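Participant: For reference, the file data26.tsv (TSV, C-alpha atoms) is included below:
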```
chain	number	residue	atom	x	y	z
O	266	MET	CA	-44.11	-9.44	-58.88
O	267	SER	CA	-42.69	-6.36	-60.60
O	268	GLN	CA	-38.93	-5.89	-61.01
O	269	PRO	CA	-37.23	-2.85	-59.47
O	270	SER	CA	-36.30	0.00	-61.71
O	271	PRO	CA	-33.01	-0.65	-63.50
O	272	HIS	CA	-31.99	2.89	-62.57
O	273	CYS	CA	-32.00	2.00	-58.85
O	274	LEU	CA	-31.12	-1.68	-58.45
O	275	GLN	CA	-29.54	-4.44	-60.52
O	276	ARG	CA	-29.68	-8.23	-59.83
O	277	ALA	CA	-26.38	-9.91	-59.02
O	278	ASP	CA	-25.91	-13.39	-57.46
O	279	ASN	CA	-29.64	-13.55	-56.51
O	280	LEU	CA	-29.29	-10.39	-54.37
O	281	TRP	CA	-30.46	-6.88	-55.01
O	282	VAL	CA	-27.62	-4.48	-54.33
O	283	SER	CA	-26.95	-0.87	-54.94
O	284	PRO	CA	-25.11	-0.21	-58.18
O	285	GLY	CA	-22.44	1.63	-56.20
O	286	LEU	CA	-21.62	-1.51	-54.18
O	287	ARG	CA	-21.31	-3.53	-57.40
O	288	ARG	CA	-17.95	-1.87	-57.85
O	289	PRO	CA	-15.32	-4.26	-56.40
O	290	GLY	CA	-13.08	-1.52	-55.03
O	291	LEU	CA	-15.74	0.24	-52.95
O	292	ARG	CA	-17.20	-3.01	-51.62
O	293	SER	CA	-13.77	-4.25	-50.51
O	294	VAL	CA	-13.05	-1.01	-48.73
O	295	THR	CA	-16.41	-1.13	-46.93
O	296	LEU	CA	-15.94	-4.73	-45.79
O	297	LEU	CA	-12.41	-4.00	-44.64
O	298	ALA	CA	-13.63	-1.01	-42.63
O	299	LEU	CA	-16.30	-3.17	-40.93
O	300	VAL	CA	-13.75	-5.86	-40.04
O	301	LEU	CA	-11.36	-3.29	-38.59
O	302	LEU	CA	-14.18	-1.71	-36.61
O	303	LEU	CA	-15.18	-5.05	-35.11
O	304	LEU	CA	-11.59	-5.91	-34.24
O	305	SER	CA	-11.09	-2.51	-32.64
O	306	VAL	CA	-14.22	-2.84	-30.49
O	307	GLY	CA	-13.26	-6.36	-29.44
O	308	GLY	CA	-9.71	-5.32	-28.59
O	309	CYS	CA	-10.90	-2.40	-26.47
O	310	ALA	CA	-13.25	-4.64	-24.52
O	311	SER	CA	-10.49	-7.19	-23.95
O	312	ASP	CA	-8.04	-4.50	-22.82
O	313	GLY	CA	-10.64	-3.13	-20.43
O	314	ARG	CA	-11.15	-6.50	-18.80
O	315	ALA	CA	-7.41	-7.20	-18.43
O	316	ALA	CA	-6.28	-3.71	-17.44
O	317	ASP	CA	-6.71	-4.20	-13.71
O	318	GLY	CA	-4.92	-7.57	-13.60
O	319	PRO	CA	-1.48	-6.68	-15.03
O	320	ALA	CA	-1.45	-3.29	-13.27
O	321	ALA	CA	-2.17	-4.81	-9.87
O	322	GLU	CA	0.35	-7.57	-10.49
O	323	GLU	CA	3.02	-5.04	-11.48
O	324	VAL	CA	2.42	-2.99	-8.34
O	325	GLU	CA	2.73	-6.13	-6.20
O	326	VAL	CA	6.01	-7.11	-7.90
O	327	LEU	CA	7.44	-3.62	-7.41
O	328	SER	CA	6.41	-3.57	-3.74
O	329	GLN	CA	8.05	-6.96	-3.14
O	330	ALA	CA	11.24	-5.80	-4.88
O	331	ALA	CA	11.37	-2.62	-2.77
O	332	TYR	CA	10.90	-4.64	0.44
O	333	GLU	CA	13.70	-7.07	-0.48
O	334	ALA	CA	16.03	-4.22	-1.44
O	335	THR	CA	15.42	-2.49	1.90
O	336	ALA	CA	16.08	-5.73	3.77
O	337	LEU	CA	19.37	-6.21	1.90
O	338	VAL	CA	20.51	-2.67	2.71
O	339	ARG	CA	19.72	-3.10	6.40
O	340	ALA	CA	21.50	-6.46	6.51
O	341	ALA	CA	24.57	-4.93	4.85
O	342	GLU	CA	24.62	-2.05	7.34
O	343	ALA	CA	24.32	-4.44	10.30
O	344	THR	CA	27.10	-6.61	8.90
O	345	ALA	CA	29.38	-3.59	8.47
O	346	VAL	CA	28.78	-2.49	12.07
O	347	MET	CA	29.49	-5.99	13.36
O	348	LEU	CA	32.70	-6.25	11.35
O	349	ARG	CA	33.96	-2.92	12.70
O	350	ALA	CA	33.14	-3.93	16.26
O	351	GLN	CA	34.75	-7.32	15.77
O	352	ALA	CA	37.95	-5.70	14.48
O	353	GLU	CA	38.07	-3.34	17.45
O	354	ALA	CA	37.40	-6.18	19.88
O	355	THR	CA	40.19	-8.23	18.31
O	356	ALA	CA	42.56	-5.28	18.63
O	357	LEU	CA	41.64	-4.90	22.30
O	358	MET	CA	42.26	-8.59	22.92
O	359	ARG	CA	45.70	-8.35	21.32
O	360	GLN	CA	46.48	-5.23	23.35
O	361	ALA	CA	45.45	-7.05	26.53
O	362	ALA	CA	47.60	-10.06	25.63
O	363	ASN	CA	50.62	-7.84	24.94
O	364	PRO	CA	50.33	-4.81	27.21
O	365	PRO	CA	52.81	-1.98	26.63
O	366	ALA	CA	55.57	-1.39	29.14
O	367	ALA	CA	54.45	0.63	32.11
O	368	PRO	CA	55.67	4.23	31.88
O	369	ARG	CA	58.08	5.52	34.49
O	370	PRO	CA	56.09	7.33	37.18
O	371	ALA	CA	56.32	11.11	37.07
O	372	PRO	CA	57.70	12.99	40.06
O	373	ALA	CA	55.13	13.94	42.63
O	374	GLY	CA	53.71	17.42	42.29
O	375	PRO	CA	50.90	19.53	43.69
O	376	SER	CA	47.49	17.91	43.38
O	377	THR	CA	45.09	19.44	40.87
O	378	GLY	CA	42.02	17.42	41.81
O	379	SER	CA	41.06	13.81	41.31
O	380	SER	CA	39.81	12.35	38.04
O	381	PRO	CA	36.27	10.90	38.00
O	382	LEU	CA	37.84	7.58	36.97
O	383	ALA	CA	40.51	7.60	39.63
O	384	THR	CA	40.52	4.68	42.04
O	385	PRO	CA	41.91	4.99	45.55
O	386	THR	CA	45.45	3.78	46.07
O	387	PRO	CA	45.50	0.96	48.60
O	388	GLU	CA	47.40	1.52	51.80
O	389	ALA	CA	50.36	-0.65	52.62
O	390	GLY	CA	49.23	-4.19	53.38
O	391	GLU	CA	45.79	-3.72	51.79
O	392	ALA	CA	44.59	-5.70	48.77
O	393	PRO	CA	44.14	-3.71	45.55
O	394	PRO	CA	40.56	-2.88	44.58
O	395	PRO	CA	38.91	-5.74	42.64
O	396	VAL	CA	37.79	-3.42	39.81
O	397	GLU	CA	39.46	-0.41	38.23
O	398	LEU	CA	37.45	1.55	35.65
O	399	VAL	CA	39.73	2.72	32.84
O	400	GLY	CA	37.27	4.66	30.71
O	401	VAL	CA	34.02	4.78	28.73
O	402	GLY	CA	34.00	5.49	25.01
O	403	PHE	CA	32.54	4.28	21.72
O	404	ALA	CA	33.16	1.57	19.15
O	405	ALA	CA	31.87	0.94	15.62
O	406	ASP	CA	31.45	4.66	14.94
O	407	GLY	CA	29.21	5.22	17.95
O	408	ASP	CA	26.91	2.23	17.52
O	409	TYR	CA	28.43	0.55	20.61
O	410	ILE	CA	29.29	1.92	24.05
O	411	MET	CA	32.63	0.51	25.20
O	412	VAL	CA	33.69	0.23	28.83
O	413	GLN	CA	37.31	-0.64	29.59
O	414	PHE	CA	38.42	-1.90	32.98
O	415	ARG	CA	40.91	-3.95	34.94
O	416	SER	CA	39.72	-6.43	37.49
O	417	ASP	CA	40.48	-9.53	39.46
O	418	PRO	CA	39.80	-12.40	36.99
O	419	ARG	CA	37.78	-14.20	39.66
O	420	VAL	CA	35.48	-11.17	39.92
O	421	SER	CA	34.91	-10.48	36.22
O	422	LEU	CA	34.34	-14.19	35.60
O	423	MET	CA	30.88	-13.74	37.13
O	424	TRP	CA	29.92	-10.88	34.82
O	425	ARG	CA	27.42	-11.46	32.04
O	426	GLN	CA	24.53	-9.68	30.37
O	427	GLY	CA	22.11	-8.63	33.07
O	428	ASN	CA	24.57	-7.66	35.79
O	429	VAL	CA	26.72	-5.32	33.69
O	430	TYR	CA	25.29	-2.18	32.11
O	431	VAL	CA	25.57	1.59	31.68
O	432	ILE	CA	22.98	4.18	32.71
O	433	ASP	CA	22.69	7.54	30.97
O	434	GLU	CA	22.32	9.90	33.91
O	435	ALA	CA	20.56	12.57	31.82
O	436	THR	CA	17.68	10.30	30.73
O	437	ASP	CA	17.99	7.40	33.21
O	438	THR	CA	18.11	5.06	30.19
O	439	ARG	CA	19.81	1.74	30.77
O	440	TYR	CA	22.08	0.22	28.12
O	441	GLY	CA	22.87	-3.42	28.82
O	442	ASP	CA	22.55	-5.38	25.55
O	443	ILE	CA	25.90	-7.00	24.76
O	444	PRO	CA	26.27	-7.71	21.01
O	445	VAL	CA	27.37	-11.18	19.93
O	446	MET	CA	29.89	-11.60	17.10
O	447	PRO	CA	30.01	-14.72	14.88
O	448	VAL	CA	33.68	-15.46	15.70
O	449	VAL	CA	34.47	-13.59	18.92
O	450	GLY	CA	31.16	-14.27	20.66
O	451	PRO	CA	29.76	-11.78	23.22
O	452	LEU	CA	31.78	-8.57	23.24
O	453	LEU	CA	32.82	-9.05	26.85
O	454	GLY	CA	36.57	-9.46	27.23
O	455	GLN	CA	37.22	-10.76	30.74
O	456	PRO	CA	40.81	-10.61	32.04
O	457	VAL	CA	42.49	-13.92	32.68
O	458	GLU	CA	45.36	-12.56	34.76
O	459	GLU	CA	46.05	-9.66	37.09
O	460	GLY	CA	46.56	-6.27	35.44
O	461	GLN	CA	45.12	-7.36	32.10
O	462	LEU	CA	42.84	-4.90	30.34
O	463	GLY	CA	39.22	-6.00	29.92
O	464	TYR	CA	36.30	-4.52	28.06
O	465	VAL	CA	32.57	-4.83	27.52
O	466	MET	CA	30.46	-3.29	24.75
O	467	PHE	CA	26.78	-2.38	24.81
O	468	LEU	CA	24.42	-1.53	21.96
O	469	ASN	CA	23.97	2.24	21.83
O	470	HIS	CA	20.30	2.15	20.78
O	471	ASN	CA	19.49	5.06	18.45
O	472	ARG	CA	22.87	6.47	19.53
O	473	GLY	CA	21.19	7.84	22.63
O	474	VAL	CA	24.52	8.28	24.44
O	475	SER	CA	26.81	10.87	22.88
O	476	ARG	CA	30.28	12.13	23.60
O	477	GLY	CA	30.43	14.21	26.77
O	478	ALA	CA	27.49	12.47	28.44
O	479	SER	CA	27.70	11.46	32.09
O	480	VAL	CA	26.94	7.81	32.84
O	481	THR	CA	26.86	5.34	35.71
O	482	VAL	CA	28.80	2.13	35.12
O	483	VAL	CA	27.68	-1.09	36.80
O	484	LEU	CA	29.93	-4.16	36.61
O	485	GLY	CA	28.51	-6.79	38.91
O	486	ASP	CA	28.81	-5.42	42.45
O	487	PHE	CA	31.00	-2.56	41.24
O	488	ARG	CA	29.25	0.76	40.61
O	489	GLN	CA	30.71	4.12	39.68
O	490	GLU	CA	28.69	7.24	38.97
O	491	HIS	CA	29.31	10.46	37.02
O	492	VAL	CA	31.68	8.88	34.51
O	493	PRO	CA	32.24	11.08	31.41
O	494	VAL	CA	31.94	9.45	27.99
O	495	GLU	CA	34.98	10.25	25.88
```
Take the structure from the file and write it as structure tokens.
Facilitator:
Amino acid sequence: MSQPSPHCLQRADNLWVSPGLRRPGLRSVTLLALVLLLLSVGGCASDGRAADGPAAEEVEVLSQAAYEATALVRAAEATAVMLRAQAEATALMRQAANPPAAPRPAPAGPSTGSSPLATPTPEAGEAPPPVELVGVGFAADGDYIMVQFRSDPRVSLMWRQGNVYVIDEATDTRYGDIPVMPVVGPLLGQPVEEGQLGYVMFLNHNRGVSRGASVTVVLGDFRQEHVPVE
């Protein structure tokens, strides 16, 4: 077998290699480039396989965090509303327990028309009306509809959610959900003695009732229509 031309190939370690690759510097650079190329291809393939996993997992984590944050905000808002309503209910209870002195009646004058909340004055010998509607307004910055009244304690004792409510006369929407506070309980303050001020609050869903609306108030057997909301 004839040997290759010494001008083309030289024998080294039982292998025939190009004279250019016999130079240690060039061979090292070539091998290093091959290794880097293989590592690069392998890394790209690995990244391609794992790309979907971490991305999907990150989206799921972010979605869960957004849901929990929204729930916390709503819970905080509900708690703030309840605390405001509880403070107003407590103030009403204190006012009922310590009513201010009755003002001295003004001298009689010409009549200018009756108020929609006015109750008829009983004739001599007649019993006073069992329920007197004082007014309809708002509590907790409009989240609750508040009805204030005076009544015979034996009458208001029978009132509970279901037989007390307010009807918006413009939309015929009924508002009868009485909120329940952790300490006070249902926001229904029933008088315990004659002349004491009572109240009941209803959830104003979506703030459907606004100031100036006309409502019908139902308190057990008592019913009064065309009551303005103040």
Participant: Restricting the calculation to all atoms listed in the file: of O:Gln413, O:Thr335, O:Ser475, O:Thr438, which residue gets closest to Leu452 in chain O?
Facilitator: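 Nearest candidate to Leu452 in chain O out of O:Gln413, O:Thr335, O:Ser475, O:Thr438: O:Gln413.
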Participant: Excluding same-chain residues fewer than 4 positions from Val494 in chain O, what lies within 7 Å of it counting all atoms listed in the file, as a ChimeraX atom specification?
Facilitator: /O:401-402,476-479
Participant: State, in Å with one decimal place, the distance from CA of Arg488 in chain O to CA of Ala352 in chain O.
Facilitator: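 Interatomic distance, CA of Arg488 in chain O to CA of Ala352 in chain O: 28.3 Å.
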Participant: At what distance in Å, to one decimal, does CA of Val429 in chain O lie from CA of Ser416 in chain O?
Facilitator: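 Separating CA of Ser416 in chain O from CA of Val429 in chain O is a distance of 13.6 Å.
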Participant: To one decimal place, how far is CA of Asp408 in chain O from CA of Val480 in chain O in Å?
Facilitator: 16.3 Å
